Amino acid sequence: MNLRVILSAAAIAIAGLSAPPALAAPANAPHAAACVAALKAQEAELAESVKAGEPREPVLLKVVRSGIAIIGTQYLAGVHEAEARELLKAAERDFQALAPAAAEKRQTACLEEGEALFAHASPIERSLITSAAQRRIRRLTAST
């Protein structure tokens, strides 16, 4: 995953994001990293299902889109790429250590958070986020 490309696309997509007061301030960076790690794990599972021929691409799109929306809030908040990578590595380790029920609960909450960010984006922002998500899905589901 090219984090710089995703961050750039997400920043462009979310610039000027008009959210209600509860969503106006981005989540703190460790929380955002925990969400991105949870969604990344979920997207990997879903991508394998899509590769196997299961009709799961609409769900995969929501998961990837949510992750990009969350990443974008952190980019706009000034989190630097090196810091984001370190936070994500730690969050991925923490996520792997979670019990399955706790992992699923986190994925559900993070998906809802990302979808809320996406829902409050302008039509052009949603279009840009969706385009970035579709590019990522093509990479995730490409034959190797």
# chains A, B, ... in the order shown; residues from 1 in each chain; ligands from 1
>>> residues_around(residues="Ala91 in chain A", least_positions_apart="5", cutoff="10 Å", atoms="only C-alpha atoms", output="MDAnalysis selection string")
chainID A and resid 30:38 85:86 96:97
>>> select_by_dssp(residues="chain A", states="helix (DSSP H, G or I)", output="NGL selection string")
:A and (3-14 or 21-24 or 29-51 or 57-76 or 81-96 or 100-119 or 123-141)
>>> residues_around(residues="range 51-63 of chain A", least_positions_apart="4", cutoff="8 Å", atoms="only C-alpha atoms", output="list in words")
Leu39, Gln42, Glu43, Leu46, Ala47, Gly67, Leu111, Glu115, Thr130, Ala133, Gln134, Ile137, Thr141, Ala142 and Ser143 of chain A
>>> write_last_selection(atoms="N, CA, C and O atoms", output="mmCIF file, in the first residue's frame")
data_model
loop_
_atom_site.group_PDB
_atom_site.id
_atom_site.type_symbol
_atom_site.label_atom_id
_atom_site.label_comp_id
_atom_site.auth_asym_id
_atom_site.auth_seq_id
_atom_site.Cartn_x
_atom_site.Cartn_y
_atom_site.Cartn_z
ATOM 1 N N LEU A 39 -9.857 -1.863 9.881
ATOM 2 C CA LEU A 39 -10.456 -1.880 8.544
ATOM 3 C C LEU A 39 -9.541 -2.546 7.529
ATOM 4 O O LEU A 39 -10.003 -3.234 6.612
ATOM 5 N N GLN A 42 -10.010 -6.187 7.830
ATOM 6 C CA GLN A 42 -11.291 -6.549 7.244
ATOM 7 C C GLN A 42 -11.223 -6.502 5.714
ATOM 8 O O GLN A 42 -11.757 -7.375 5.041
ATOM 9 N N GLU A 43 -10.534 -5.515 5.175
ATOM 10 C CA GLU A 43 -10.443 -5.413 3.711
ATOM 11 C C GLU A 43 -9.654 -6.574 3.134
ATOM 12 O O GLU A 43 -9.976 -7.076 2.056
ATOM 13 N N LEU A 46 -12.046 -9.515 2.987
ATOM 14 C CA LEU A 46 -13.037 -9.286 1.939
ATOM 15 C C LEU A 46 -12.424 -9.406 0.545
ATOM 16 O O LEU A 46 -13.048 -9.948 -0.368
ATOM 17 N N ALA A 47 -11.213 -8.912 0.371
ATOM 18 C CA ALA A 47 -10.551 -8.992 -0.938
ATOM 19 C C ALA A 47 -10.347 -10.449 -1.335
ATOM 20 O O ALA A 47 -10.537 -10.803 -2.509
ATOM 21 N N GLY A 67 -11.829 3.590 5.495
ATOM 22 C CA GLY A 67 -10.423 3.742 5.866
ATOM 23 C C GLY A 67 -9.806 4.986 5.255
ATOM 24 O O GLY A 67 -9.081 5.729 5.930
ATOM 25 N N LEU A 111 -16.008 1.075 10.992
ATOM 26 C CA LEU A 111 -16.722 1.182 9.726
ATOM 27 C C LEU A 111 -17.814 2.248 9.839
ATOM 28 O O LEU A 111 -17.962 3.082 8.942
ATOM 29 N N GLU A 115 -17.872 5.602 7.644
ATOM 30 C CA GLU A 115 -19.046 5.855 6.806
ATOM 31 C C GLU A 115 -19.704 7.182 7.175
ATOM 32 O O GLU A 115 -20.224 7.876 6.303
ATOM 33 N N THR A 130 -14.359 7.697 -3.320
ATOM 34 C CA THR A 130 -14.799 6.458 -3.966
ATOM 35 C C THR A 130 -13.835 6.051 -5.073
ATOM 36 O O THR A 130 -13.496 4.870 -5.205
ATOM 37 N N ALA A 133 -10.844 4.580 -3.495
ATOM 38 C CA ALA A 133 -11.190 3.262 -2.952
ATOM 39 C C ALA A 133 -11.265 2.224 -4.070
ATOM 40 O O ALA A 133 -10.781 1.090 -3.913
ATOM 41 N N GLN A 134 -11.850 2.594 -5.195
ATOM 42 C CA GLN A 134 -11.947 1.656 -6.315
ATOM 43 C C GLN A 134 -10.568 1.281 -6.857
ATOM 44 O O GLN A 134 -10.331 0.123 -7.209
ATOM 45 N N ILE A 137 -9.159 -1.204 -4.429
ATOM 46 C CA ILE A 137 -9.818 -2.504 -4.585
ATOM 47 C C ILE A 137 -9.265 -3.233 -5.798
ATOM 48 O O ILE A 137 -9.025 -4.447 -5.738
ATOM 49 N N THR A 141 -7.569 -6.897 -5.388
ATOM 50 C CA THR A 141 -8.200 -8.071 -5.989
ATOM 51 C C THR A 141 -7.552 -8.523 -7.291
ATOM 52 O O THR A 141 -8.022 -9.479 -7.908
ATOM 53 N N ALA A 142 -6.490 -7.854 -7.676
ATOM 54 C CA ALA A 142 -5.779 -8.250 -8.900
ATOM 55 C C ALA A 142 -5.149 -9.628 -8.713
ATOM 56 O O ALA A 142 -4.702 -9.981 -7.615
ATOM 57 N N SER A 143 -5.133 -10.382 -9.759
ATOM 58 C CA SER A 143 -4.482 -11.695 -9.714
ATOM 59 C C SER A 143 -2.984 -11.504 -9.547
ATOM 60 O O SER A 143 -2.378 -10.614 -10.157
#
>>> residues_around(residues="Val79 in chain A", least_positions_apart="5", cutoff="9 Å", atoms="only C-alpha atoms", output="PyMOL selection string")
chain A and resi 29+74+84
>>> atom_distance(atom1="CA of Leu98 in chain A", atom2="CA of Glu45 in chain A")
16.3 Å
>>> atom_distance(atom1="CA of Thr73 in chain A", atom2="CA of Pro100 in chain A")
27.4 Å
